[in-house]
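Chemist: Next comes the structure file upload-v7.txt, holding compact mmCIF, C-alpha atoms.
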```txt
# COMPACT_ATOMS: atom_id res chain seq x y z
CA MET M 27 -36.21 5.75 -89.78
CA GLN M 28 -36.51 3.42 -86.81
CA PRO M 29 -34.90 4.55 -83.55
CA ASN M 30 -32.74 1.46 -83.16
CA GLN M 31 -31.55 1.92 -86.72
CA PHE M 32 -31.03 5.61 -86.01
CA HIS M 33 -28.60 4.83 -83.22
CA SER M 34 -26.94 1.90 -84.93
CA LEU M 35 -23.22 1.71 -85.43
CA ALA M 36 -23.43 1.94 -89.20
CA TYR M 37 -25.43 5.16 -88.92
CA SER M 38 -22.87 6.70 -86.58
CA PHE M 39 -20.04 5.58 -88.83
CA GLY M 40 -21.69 7.11 -91.88
CA PHE M 41 -22.40 10.32 -90.05
CA TYR M 42 -18.83 10.74 -88.83
CA PHE M 43 -17.50 9.66 -92.24
CA PHE M 44 -19.40 12.32 -94.17
CA GLY M 45 -18.85 14.87 -91.43
CA LEU M 46 -15.09 14.38 -91.60
CA ILE M 47 -15.19 14.56 -95.40
CA ALA M 48 -17.07 17.86 -95.15
CA LEU M 49 -14.65 19.24 -92.57
CA ALA M 50 -11.49 18.17 -94.41
CA SER M 51 -12.82 19.48 -97.73
CA ALA M 52 -13.71 22.80 -96.09
CA VAL M 53 -10.17 23.15 -94.74
CA ALA M 54 -8.76 22.27 -98.16
CA PHE M 55 -11.16 24.78 -99.75
CA VAL M 56 -10.01 27.66 -97.57
CA THR M 57 -6.32 26.93 -98.01
CA ARG M 58 -6.23 26.52 -101.81
CA LYS M 59 -4.51 29.28 -103.75
CA ASN M 60 -6.03 28.24 -107.06
CA THR M 61 -9.63 29.45 -107.23
CA VAL M 62 -10.81 26.62 -109.46
CA SER M 63 -9.57 23.86 -107.15
CA ALA M 64 -11.01 25.76 -104.18
CA ALA M 65 -14.38 25.73 -105.94
CA MET M 66 -14.08 21.98 -106.55
CA TRP M 67 -13.35 21.39 -102.84
CA LEU M 68 -16.41 23.49 -101.98
CA VAL M 69 -18.47 21.26 -104.28
CA ASN M 70 -17.11 18.30 -102.28
CA VAL M 71 -18.25 19.95 -99.04
CA MET M 72 -21.71 20.41 -100.49
CA PHE M 73 -21.98 16.78 -101.60
CA ALA M 74 -20.94 15.59 -98.14
CA LEU M 75 -23.52 17.92 -96.61
CA ALA M 76 -26.17 16.49 -98.95
CA ALA M 77 -25.33 13.02 -97.65
CA LEU M 78 -25.68 14.32 -94.09
CA TYR M 79 -29.08 15.81 -94.97
CA VAL M 80 -30.24 12.39 -96.15
CA MET M 81 -29.05 10.88 -92.87
CA LEU M 82 -30.98 13.58 -90.99
CA ASP M 83 -34.22 12.63 -92.79
CA ALA M 84 -34.25 15.70 -95.04
CA GLN M 85 -34.18 14.01 -98.42
CA PHE M 86 -35.87 16.89 -100.24
CA ILE M 87 -33.32 19.36 -98.90
CA ALA M 88 -30.53 16.99 -99.95
CA THR M 89 -31.92 16.93 -103.49
CA MET M 90 -32.15 20.71 -103.51
CA GLN M 91 -28.60 20.92 -102.18
CA VAL M 92 -27.26 18.88 -105.07
CA LEU M 93 -29.44 20.54 -107.72
CA VAL M 94 -29.31 24.17 -106.62
CA TYR M 95 -26.02 24.53 -104.78
CA THR M 96 -23.66 22.21 -106.60
CA GLY M 97 -25.59 22.19 -109.84
CA ALA M 98 -26.38 25.87 -110.24
CA ILE M 99 -24.61 28.19 -107.82
CA MET M 100 -21.18 26.57 -108.01
CA VAL M 101 -21.44 26.31 -111.79
CA VAL M 102 -22.07 30.05 -111.91
CA PHE M 103 -19.03 30.58 -109.70
CA LEU M 104 -16.88 28.44 -111.99
CA PHE M 105 -18.25 30.28 -115.05
CA VAL M 106 -17.20 33.60 -113.57
CA ILE M 107 -13.79 32.30 -112.48
CA MET M 108 -13.08 31.02 -115.97
CA LEU M 109 -14.70 34.02 -117.71
CA LEU M 110 -12.40 36.39 -115.83
CA ASN M 111 -9.48 33.98 -116.31
CA LEU M 112 -8.70 33.90 -112.58
CA GLY M 113 -7.35 30.37 -112.43
CA HIS M 114 -3.70 31.37 -112.28
CA PRO M 115 -2.50 31.16 -108.69
CA SER M 116 0.42 33.49 -109.29
CA GLU M 117 -1.92 36.42 -109.80
CA LEU M 118 -3.83 35.48 -106.71
CA ALA M 119 -1.33 35.77 -103.90
CA ASP M 120 -4.33 36.94 -102.01
CA ALA M 121 -3.68 36.06 -98.39
CA ARG M 122 -3.85 39.04 -96.10
CA GLY M 123 -0.98 40.23 -93.96
CA LYS M 124 -0.08 39.43 -90.38
CA TRP M 125 -2.99 41.33 -88.86
CA GLY M 126 -5.52 39.53 -91.02
CA TYR M 127 -4.18 36.17 -89.86
CA LEU M 128 -4.15 37.29 -86.22
CA LEU M 129 -7.73 38.54 -86.47
CA ALA M 130 -8.82 35.31 -88.16
CA LEU M 131 -7.03 33.25 -85.51
CA PHE M 132 -8.71 35.23 -82.74
CA VAL M 133 -12.20 34.95 -84.26
CA GLY M 134 -11.71 31.26 -84.99
CA LEU M 135 -10.55 30.52 -81.46
CA ALA M 136 -13.44 32.51 -79.99
CA LEU M 137 -16.00 30.65 -82.10
CA LEU M 138 -14.40 27.28 -81.26
CA ALA M 139 -14.39 28.15 -77.56
CA GLU M 140 -18.11 28.89 -77.81
CA VAL M 141 -18.75 25.48 -79.35
CA MET M 142 -16.67 23.69 -76.74
CA ALA M 143 -18.32 25.57 -73.89
CA LEU M 144 -21.72 24.68 -75.29
CA ASN M 145 -20.78 21.02 -75.58
CA ARG M 146 -19.20 20.85 -72.14
CA SER M 147 -21.38 22.88 -69.79
CA SER M 148 -24.82 21.67 -70.71
CA THR M 149 -25.26 19.23 -73.52
CA ILE M 150 -27.85 20.18 -76.05
CA ASP M 151 -29.87 17.11 -75.12
CA GLN M 152 -30.51 18.66 -71.73
CA MET M 153 -31.53 21.98 -73.22
CA ILE M 154 -34.28 20.36 -75.27
CA PRO M 155 -37.69 20.66 -73.63
CA PRO M 156 -38.82 17.15 -72.59
CA ASP M 157 -42.20 17.40 -74.34
CA LEU M 158 -40.47 18.26 -77.62
CA ALA M 159 -38.02 15.39 -77.20
CA ALA M 160 -40.90 12.98 -76.63
CA LYS M 161 -42.67 14.34 -79.71
CA ALA M 162 -39.52 13.95 -81.80
CA ALA M 163 -39.01 10.39 -80.57
CA ALA M 164 -42.63 9.58 -81.44
CA ALA M 165 -42.24 11.17 -84.87
CA ALA M 166 -39.07 9.16 -85.49
CA THR M 167 -40.86 5.85 -84.97
CA THR M 168 -43.85 6.59 -87.20
CA PRO M 169 -43.32 7.21 -90.90
CA MET M 170 -43.99 10.79 -91.95
CA ALA M 171 -47.46 11.44 -93.33
CA GLY M 172 -47.39 12.71 -96.88
CA GLY M 173 -44.07 11.14 -97.81
CA ILE M 174 -40.84 13.11 -98.03
CA ILE M 175 -41.91 16.35 -99.68
CA GLY M 176 -45.32 16.73 -98.02
CA PRO M 177 -44.11 17.85 -94.58
CA VAL M 178 -41.92 20.51 -96.23
CA ALA M 179 -44.44 21.63 -98.82
CA ALA M 180 -47.44 22.03 -96.50
CA PRO M 181 -46.01 24.83 -94.31
CA LEU M 182 -44.30 26.37 -97.35
CA PHE M 183 -47.61 26.90 -99.15
CA LYS M 184 -49.81 27.56 -96.11
CA GLU M 185 -48.03 29.17 -93.19
CA TYR M 186 -45.23 30.81 -95.15
CA LEU M 187 -47.11 31.58 -98.37
CA LEU M 188 -46.41 35.33 -98.09
CA ALA M 189 -42.70 34.70 -97.63
CA PHE M 190 -42.77 32.30 -100.57
CA GLU M 191 -44.37 34.92 -102.81
CA LEU M 192 -41.93 37.57 -101.62
CA THR M 193 -39.13 35.17 -102.55
CA SER M 194 -40.31 35.31 -106.15
CA VAL M 195 -40.12 39.11 -106.03
CA LEU M 196 -36.58 38.79 -104.63
CA LEU M 197 -35.60 36.47 -107.46
CA LEU M 198 -37.07 38.87 -110.03
CA ALA M 199 -35.11 41.75 -108.49
CA ALA M 200 -31.96 39.62 -108.54
CA ILE M 201 -32.46 38.76 -112.22
CA VAL M 202 -33.02 42.38 -113.20
CA GLY M 203 -30.14 43.55 -111.03
CA SER M 204 -27.64 41.07 -112.39
CA VAL M 205 -28.64 41.81 -115.98
CA VAL M 206 -28.26 45.55 -115.41
CA LEU M 207 -24.94 45.13 -113.60
CA GLY M 208 -23.55 42.67 -116.09
CA LYS M 209 -24.56 44.70 -119.14
CA ARG M 210 -21.74 46.25 -121.06
CA ARG M 211 -22.14 50.01 -120.96
CA THR M 212 -22.39 51.48 -124.43
CA ASN M 213 -22.07 55.11 -125.34
CA ALA M 214 -24.33 54.77 -128.37
CA ARG M 215 -27.64 56.41 -127.58
CA MET O 29 -26.35 12.88 -83.73
CA LEU O 30 -27.85 16.31 -83.08
CA VAL O 31 -24.87 17.51 -81.04
CA GLU O 32 -22.43 16.27 -83.67
CA ALA O 33 -24.38 17.94 -86.47
CA LEU O 34 -24.49 21.26 -84.60
CA ALA O 35 -20.78 21.04 -83.79
CA LEU O 36 -19.97 20.31 -87.44
CA SER O 37 -22.15 23.25 -88.45
CA ALA O 38 -20.28 25.53 -86.05
CA LEU O 39 -16.91 24.30 -87.30
CA LEU O 40 -17.87 24.85 -90.95
CA PHE O 41 -19.12 28.34 -90.08
CA THR O 42 -15.82 29.06 -88.31
CA ILE O 43 -13.84 27.91 -91.35
CA GLY O 44 -15.98 30.19 -93.52
CA VAL O 45 -15.37 33.17 -91.25
CA ILE O 46 -11.62 32.50 -91.24
CA GLY O 47 -11.69 32.32 -95.03
CA VAL O 48 -13.51 35.65 -95.30
CA LEU O 49 -10.99 37.28 -92.98
CA THR O 50 -7.83 35.86 -94.54
CA ARG O 51 -8.48 35.99 -98.28
CA ARG O 52 -8.41 39.01 -100.54
CA ASN O 53 -9.81 37.47 -103.70
CA ALA O 54 -13.43 38.63 -103.98
CA ILE O 55 -14.61 35.33 -105.48
CA MET O 56 -12.98 33.32 -102.68
CA ILE O 57 -14.73 35.54 -100.14
CA PHE O 58 -18.03 34.91 -101.91
CA MET O 59 -17.46 31.16 -101.79
CA CYS O 60 -16.63 31.40 -98.09
CA VAL O 61 -19.96 33.15 -97.56
CA GLU O 62 -21.63 30.25 -99.37
CA LEU O 63 -19.85 27.86 -97.01
CA MET O 64 -21.22 29.81 -94.04
CA LEU O 65 -24.73 29.67 -95.49
CA ASN O 66 -24.33 25.90 -95.89
CA ALA O 67 -23.25 25.58 -92.27
CA VAL O 68 -26.36 27.43 -91.15
CA ASN O 69 -28.48 25.17 -93.37
CA LEU O 70 -26.98 22.14 -91.65
CA SER O 71 -28.02 23.38 -88.23
CA PHE O 72 -31.51 24.19 -89.58
CA VAL O 73 -31.87 20.64 -90.88
CA ALA O 74 -30.44 19.09 -87.71
CA LEU O 75 -32.85 21.04 -85.51
CA SER O 76 -35.77 20.27 -87.82
CA LYS O 77 -35.61 16.69 -86.57
CA LEU O 78 -36.66 18.11 -83.23
CA TYR O 79 -38.91 21.02 -84.06
CA GLY O 80 -40.69 19.71 -87.13
CA ALA O 81 -40.27 20.40 -90.84
CA THR O 82 -40.35 24.21 -90.47
CA GLY O 83 -36.56 24.25 -90.38
CA GLN O 84 -36.45 22.62 -93.80
CA VAL O 85 -38.81 25.31 -95.13
CA PHE O 86 -36.34 27.91 -93.95
CA VAL O 87 -33.54 26.03 -95.70
CA VAL O 88 -35.49 26.40 -98.95
CA PHE O 89 -35.68 30.16 -98.36
CA THR O 90 -31.98 30.32 -97.49
CA MET O 91 -31.09 28.54 -100.72
CA THR O 92 -33.19 31.00 -102.71
CA VAL O 93 -31.50 33.96 -101.07
CA ALA O 94 -28.09 32.34 -101.63
CA ALA O 95 -28.84 31.89 -105.32
CA ALA O 96 -29.97 35.51 -105.67
CA GLU O 97 -26.95 36.72 -103.72
CA ALA O 98 -24.56 34.71 -105.86
CA ALA O 99 -26.09 36.02 -109.09
CA VAL O 100 -26.02 39.69 -108.04
CA GLY O 101 -22.64 39.43 -106.33
CA LEU O 102 -20.97 37.80 -109.30
CA ALA O 103 -22.48 40.43 -111.60
CA ILE O 104 -20.96 43.10 -109.34
CA ILE O 105 -17.61 41.30 -109.46
CA ILE O 106 -17.73 41.20 -113.26
CA ALA O 107 -18.59 44.92 -113.36
CA ILE O 108 -15.69 45.70 -110.99
CA PHE O 109 -13.34 43.54 -113.07
CA ARG O 110 -14.24 45.52 -116.19
CA HIS O 111 -13.19 48.74 -114.50
CA GLN O 112 -10.24 47.64 -112.37
CA LYS O 113 -8.97 44.53 -114.22
CA THR O 114 -8.65 42.79 -110.86
CA VAL O 115 -10.76 41.11 -108.20
CA ASN O 116 -8.20 41.58 -105.46
CA LEU O 117 -9.95 43.58 -102.77
CA GLN O 118 -6.70 45.31 -101.86
CA ASN O 119 -6.82 47.17 -105.17
CA ILE O 120 -10.50 48.05 -104.90
CA ASN O 121 -10.28 50.96 -102.50
CA LEU O 122 -12.37 53.65 -104.16
CA LEU O 123 -14.49 54.12 -101.04
CA LYS O 124 -11.55 54.11 -98.67
CA GLY O 125 -11.30 57.47 -96.95
```
Please express what this file holds, its structure, as structure tokens.
Modeler:
Amino acid sequence: MQPNQFHSLAYSFGFYFFGLIALASAVAFVTRKNTVSAAMWLVNVMFALAALYVMLDAQFIATMQVLVYTGAIMVVFLFVIMLLNLGHPSELADARGKWGYLLALFVGLALLAEVMALNRSSTIDQMIPPDLAAKAAAAATTPMAGGIIGPVAAPLFKEYLLAFELTSVLLLAAIVGSVVLGKRRTNAR
Amino acid sequence: MLVEALALSALLFTIGVIGVLTRRNAIMIFMCVELMLNAVNLSFVALSKLYGATGQVFVVFTMTVAAAEAAVGLAIIIAIFRHQKTVNLQNINLLKG
């Protein structure tokens, strides 16, 4: 993406548009009583985030976001919600009492204050080392070598190969664990 | 756009934390955790514009861990539901002293 295009008005508009969609959907997600509609709002958040990933030049991650998060993980969530028949909001008056709200308010305000302090005192642009900023600006003007997936795949299979292989062990453990946990216990031996 | 992306990431994470603290439905809490993971992914991707594609590699790992966590966690929820007939964490207090 060219730098002038990167800073263009349309880009900023799109970024704020999808950012606001993500934020509003997240608020709607947290406040829904019905679990199914909450899950649908979370799907909306994930789609908006996928659009933001595309705008941030991470097209592969955006694809993975749509395929894995909205396509697989949220479908599993919805399966479980409907399997356990949890869609009735009357059974789910699940908000905590006064202390829970106070604690949440306190934590939320503290986290927001951190963000505001970070944005006010020293902008992140100043915290970036100048050599890195120059490198990023140079990388933004030249098209990435190896297309979209190459820059992600090369470190994944070279530098982080051990972590990648360990991930497969983790997935195997997760499969075995969920099968064992989900199995109906029978007394027949 | 980096500052905006990081601020959005922080706000989404805050919303997720508030959800975890205010809800009692175990599945809602799980989905709030997923929202927090997504917020972290957003800051990874935003910073990967600066520090190279390594951030995106970590997003791939985060997604894998999130998938594994969702599978195991939902299996645990189903197992709890079989015993307790509820997913309200207020009623699941076996380990409470």
Chemist: Determine, using all atoms listed in the file, which residues of chain O have any atom at most 8 Å from an atom of chain M, and tabulate each with its shortest atom pair and distance in Å to one decimal place, rows ordered by chain and then rising number, as JSON lines.
Modeler:
```
{"residue": "O:Met29", "atom": "CA", "partner": "M:Ser38", "partner_atom": "CA", "distance": 7.6}
{"residue": "O:Val31", "atom": "CA", "partner": "M:Ile150", "partner_atom": "CA", "distance": 6.4}
{"residue": "O:Ala35", "atom": "CA", "partner": "M:Val141", "partner_atom": "CA", "distance": 6.6}
{"residue": "O:Leu36", "atom": "CA", "partner": "M:Gly45", "partner_atom": "CA", "distance": 6.8}
{"residue": "O:Ala38", "atom": "CA", "partner": "M:Val141", "partner_atom": "CA", "distance": 6.9}
{"residue": "O:Leu39", "atom": "CA", "partner": "M:Leu138", "partner_atom": "CA", "distance": 7.2}
{"residue": "O:Leu40", "atom": "CA", "partner": "M:Leu49", "partner_atom": "CA", "distance": 6.7}
{"residue": "O:Thr42", "atom": "CA", "partner": "M:Gly134", "partner_atom": "CA", "distance": 5.7}
{"residue": "O:Ile43", "atom": "CA", "partner": "M:Val53", "partner_atom": "CA", "distance": 6.9}
{"residue": "O:Gly44", "atom": "CA", "partner": "M:Val56", "partner_atom": "CA", "distance": 7.6}
{"residue": "O:Val45", "atom": "CA", "partner": "M:Gly134", "partner_atom": "CA", "distance": 7.5}
{"residue": "O:Ile46", "atom": "CA", "partner": "M:Ala130", "partner_atom": "CA", "distance": 5.0}
{"residue": "O:Gly47", "atom": "CA", "partner": "M:Val56", "partner_atom": "CA", "distance": 5.6}
{"residue": "O:Leu49", "atom": "CA", "partner": "M:Ala130", "partner_atom": "CA", "distance": 5.6}
{"residue": "O:Thr50", "atom": "CA", "partner": "M:Arg122", "partner_atom": "CA", "distance": 5.3}
{"residue": "O:Arg51", "atom": "CA", "partner": "M:Ala121", "partner_atom": "CA", "distance": 4.8}
{"residue": "O:Arg52", "atom": "CA", "partner": "M:Asp120", "partner_atom": "CA", "distance": 4.8}
{"residue": "O:Asn53", "atom": "CA", "partner": "M:Asp120", "partner_atom": "CA", "distance": 5.8}
{"residue": "O:Ile55", "atom": "CA", "partner": "M:Ile107", "partner_atom": "CA", "distance": 7.7}
{"residue": "O:Met56", "atom": "CA", "partner": "M:Thr61", "partner_atom": "CA", "distance": 6.8}
{"residue": "O:Met59", "atom": "CA", "partner": "M:Ala65", "partner_atom": "CA", "distance": 7.5}
{"residue": "O:Cys60", "atom": "CA", "partner": "M:Val56", "partner_atom": "CA", "distance": 7.6}
{"residue": "O:Leu63", "atom": "CA", "partner": "M:Leu68", "partner_atom": "CA", "distance": 7.5}
{"residue": "O:Asn66", "atom": "CA", "partner": "M:Met72", "partner_atom": "CA", "distance": 7.6}
{"residue": "O:Leu70", "atom": "CA", "partner": "M:Leu75", "partner_atom": "CA", "distance": 7.4}
{"residue": "O:Val73", "atom": "CA", "partner": "M:Ala84", "partner_atom": "CA", "distance": 6.9}
{"residue": "O:Ala74", "atom": "CA", "partner": "M:Leu82", "partner_atom": "CA", "distance": 6.4}
{"residue": "O:Lys77", "atom": "CA", "partner": "M:Ala162", "partner_atom": "CA", "distance": 6.7}
{"residue": "O:Leu78", "atom": "CA", "partner": "M:Ala162", "partner_atom": "CA", "distance": 5.2}
{"residue": "O:Tyr79", "atom": "CA", "partner": "M:Leu158", "partner_atom": "CA", "distance": 7.2}
{"residue": "O:Gly80", "atom": "CA", "partner": "M:Ala162", "partner_atom": "CA", "distance": 7.9}
{"residue": "O:Ala81", "atom": "CA", "partner": "M:Val178", "partner_atom": "CA", "distance": 5.6}
{"residue": "O:Thr82", "atom": "CA", "partner": "M:Pro181", "partner_atom": "CA", "distance": 6.9}
{"residue": "O:Gln84", "atom": "CA", "partner": "M:Val178", "partner_atom": "CA", "distance": 6.3}
{"residue": "O:Val85", "atom": "CA", "partner": "M:Val178", "partner_atom": "CA", "distance": 5.8}
{"residue": "O:Val87", "atom": "CA", "partner": "M:Ile87", "partner_atom": "CA", "distance": 7.4}
{"residue": "O:Val88", "atom": "CA", "partner": "M:Ile87", "partner_atom": "CA", "distance": 7.4}
{"residue": "O:Phe89", "atom": "CA", "partner": "M:Thr193", "partner_atom": "CA", "distance": 7.4}
{"residue": "O:Met91", "atom": "CA", "partner": "M:Val94", "partner_atom": "CA", "distance": 7.6}
{"residue": "O:Thr92", "atom": "CA", "partner": "M:Thr193", "partner_atom": "CA", "distance": 7.3}
{"residue": "O:Val93", "atom": "CA", "partner": "M:Leu196", "partner_atom": "CA", "distance": 7.9}
{"residue": "O:Ala95", "atom": "CA", "partner": "M:Ile99", "partner_atom": "CA", "distance": 6.2}
{"residue": "O:Ala96", "atom": "CA", "partner": "M:Ala200", "partner_atom": "CA", "distance": 5.4}
{"residue": "O:Glu97", "atom": "CA", "partner": "M:Ala200", "partner_atom": "CA", "distance": 7.5}
{"residue": "O:Ala98", "atom": "CA", "partner": "M:Ile99", "partner_atom": "CA", "distance": 6.8}
{"residue": "O:Ala99", "atom": "CA", "partner": "M:Ser204", "partner_atom": "CA", "distance": 6.2}
{"residue": "O:Val100", "atom": "CA", "partner": "M:Ser204", "partner_atom": "CA", "distance": 4.8}
{"residue": "O:Leu102", "atom": "CA", "partner": "M:Val106", "partner_atom": "CA", "distance": 7.1}
{"residue": "O:Ala103", "atom": "CA", "partner": "M:Gly208", "partner_atom": "CA", "distance": 5.1}
{"residue": "O:Ile104", "atom": "CA", "partner": "M:Leu207", "partner_atom": "CA", "distance": 6.2}
{"residue": "O:Ile106", "atom": "CA", "partner": "M:Gly208", "partner_atom": "CA", "distance": 6.6}
{"residue": "O:Ala107", "atom": "CA", "partner": "M:Gly208", "partner_atom": "CA", "distance": 6.1}
{"residue": "O:Phe109", "atom": "CA", "partner": "M:Leu110", "partner_atom": "CA", "distance": 7.7}
{"residue": "O:Asn116", "atom": "CA", "partner": "M:Asp120", "partner_atom": "CA", "distance": 7.0}
```
Chemist: Selected residues, C-alpha atoms, written as a PDB file, in the frame of the given file, please.
Modeler:
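Contents of result-v3.pdb, freshly written:
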```pdb
ATOM      1  CA  MET O  29     -26.350  12.880 -83.730  1.00  0.00           C
ATOM      2  CA  VAL O  31     -24.870  17.510 -81.040  1.00  0.00           C
ATOM      3  CA  ALA O  35     -20.780  21.040 -83.790  1.00  0.00           C
ATOM      4  CA  LEU O  36     -19.970  20.310 -87.440  1.00  0.00           C
ATOM      5  CA  ALA O  38     -20.280  25.530 -86.050  1.00  0.00           C
ATOM      6  CA  LEU O  39     -16.910  24.300 -87.300  1.00  0.00           C
ATOM      7  CA  LEU O  40     -17.870  24.850 -90.950  1.00  0.00           C
ATOM      8  CA  THR O  42     -15.820  29.060 -88.310  1.00  0.00           C
ATOM      9  CA  ILE O  43     -13.840  27.910 -91.350  1.00  0.00           C
ATOM     10  CA  GLY O  44     -15.980  30.190 -93.520  1.00  0.00           C
ATOM     11  CA  VAL O  45     -15.370  33.170 -91.250  1.00  0.00           C
ATOM     12  CA  ILE O  46     -11.620  32.500 -91.240  1.00  0.00           C
ATOM     13  CA  GLY O  47     -11.690  32.320 -95.030  1.00  0.00           C
ATOM     14  CA  LEU O  49     -10.990  37.280 -92.980  1.00  0.00           C
ATOM     15  CA  THR O  50      -7.830  35.860 -94.540  1.00  0.00           C
ATOM     16  CA  ARG O  51      -8.480  35.990 -98.280  1.00  0.00           C
ATOM     17  CA  ARG O  52      -8.410  39.010-100.540  1.00  0.00           C
ATOM     18  CA  ASN O  53      -9.810  37.470-103.700  1.00  0.00           C
ATOM     19  CA  ILE O  55     -14.610  35.330-105.480  1.00  0.00           C
ATOM     20  CA  MET O  56     -12.980  33.320-102.680  1.00  0.00           C
ATOM     21  CA  MET O  59     -17.460  31.160-101.790  1.00  0.00           C
ATOM     22  CA  CYS O  60     -16.630  31.400 -98.090  1.00  0.00           C
ATOM     23  CA  LEU O  63     -19.850  27.860 -97.010  1.00  0.00           C
ATOM     24  CA  ASN O  66     -24.330  25.900 -95.890  1.00  0.00           C
ATOM     25  CA  LEU O  70     -26.980  22.140 -91.650  1.00  0.00           C
ATOM     26  CA  VAL O  73     -31.870  20.640 -90.880  1.00  0.00           C
ATOM     27  CA  ALA O  74     -30.440  19.090 -87.710  1.00  0.00           C
ATOM     28  CA  LYS O  77     -35.610  16.690 -86.570  1.00  0.00           C
ATOM     29  CA  LEU O  78     -36.660  18.110 -83.230  1.00  0.00           C
ATOM     30  CA  TYR O  79     -38.910  21.020 -84.060  1.00  0.00           C
ATOM     31  CA  GLY O  80     -40.690  19.710 -87.130  1.00  0.00           C
ATOM     32  CA  ALA O  81     -40.270  20.400 -90.840  1.00  0.00           C
ATOM     33  CA  THR O  82     -40.350  24.210 -90.470  1.00  0.00           C
ATOM     34  CA  GLN O  84     -36.450  22.620 -93.800  1.00  0.00           C
ATOM     35  CA  VAL O  85     -38.810  25.310 -95.130  1.00  0.00           C
ATOM     36  CA  VAL O  87     -33.540  26.030 -95.700  1.00  0.00           C
ATOM     37  CA  VAL O  88     -35.490  26.400 -98.950  1.00  0.00           C
ATOM     38  CA  PHE O  89     -35.680  30.160 -98.360  1.00  0.00           C
ATOM     39  CA  MET O  91     -31.090  28.540-100.720  1.00  0.00           C
ATOM     40  CA  THR O  92     -33.190  31.000-102.710  1.00  0.00           C
ATOM     41  CA  VAL O  93     -31.500  33.960-101.070  1.00  0.00           C
ATOM     42  CA  ALA O  95     -28.840  31.890-105.320  1.00  0.00           C
ATOM     43  CA  ALA O  96     -29.970  35.510-105.670  1.00  0.00           C
ATOM     44  CA  GLU O  97     -26.950  36.720-103.720  1.00  0.00           C
ATOM     45  CA  ALA O  98     -24.560  34.710-105.860  1.00  0.00           C
ATOM     46  CA  ALA O  99     -26.090  36.020-109.090  1.00  0.00           C
ATOM     47  CA  VAL O 100     -26.020  39.690-108.040  1.00  0.00           C
ATOM     48  CA  LEU O 102     -20.970  37.800-109.300  1.00  0.00           C
ATOM     49  CA  ALA O 103     -22.480  40.430-111.600  1.00  0.00           C
ATOM     50  CA  ILE O 104     -20.960  43.100-109.340  1.00  0.00           C
ATOM     51  CA  ILE O 106     -17.730  41.200-113.260  1.00  0.00           C
ATOM     52  CA  ALA O 107     -18.590  44.920-113.360  1.00  0.00           C
ATOM     53  CA  PHE O 109     -13.340  43.540-113.070  1.00  0.00           C
ATOM     54  CA  ASN O 116      -8.200  41.580-105.460  1.00  0.00           C
TER      55      ASN O 116
END
```
Chemist: Would you mind reading off the distance between CA of Thr96 in chain M and CA of Ala74 in chain M, one decimal, in Å?
Modeler: 11.1 Å
Chemist: So what do you get for CA of Arg110 in chain O versus CA of Ser63 in chain M, distance-wise?
Modeler: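 Taking CA of Arg110 in chain O and CA of Ser63 in chain M, their separation equals 23.9 Å.
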Chemist: What is the CA of Gly101 in chain O to CA of Ala33 in chain O distance in Å?
Modeler: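 Rounded to one decimal, the two atoms are 29.3 Å apart.
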Chemist: Which one is closest to Thr89 in chain M: M:Phe39, M:Trp67, M:Phe73, M:Phe44? Count all atoms listed in the file.
Modeler: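 Closest candidate: M:Phe73.
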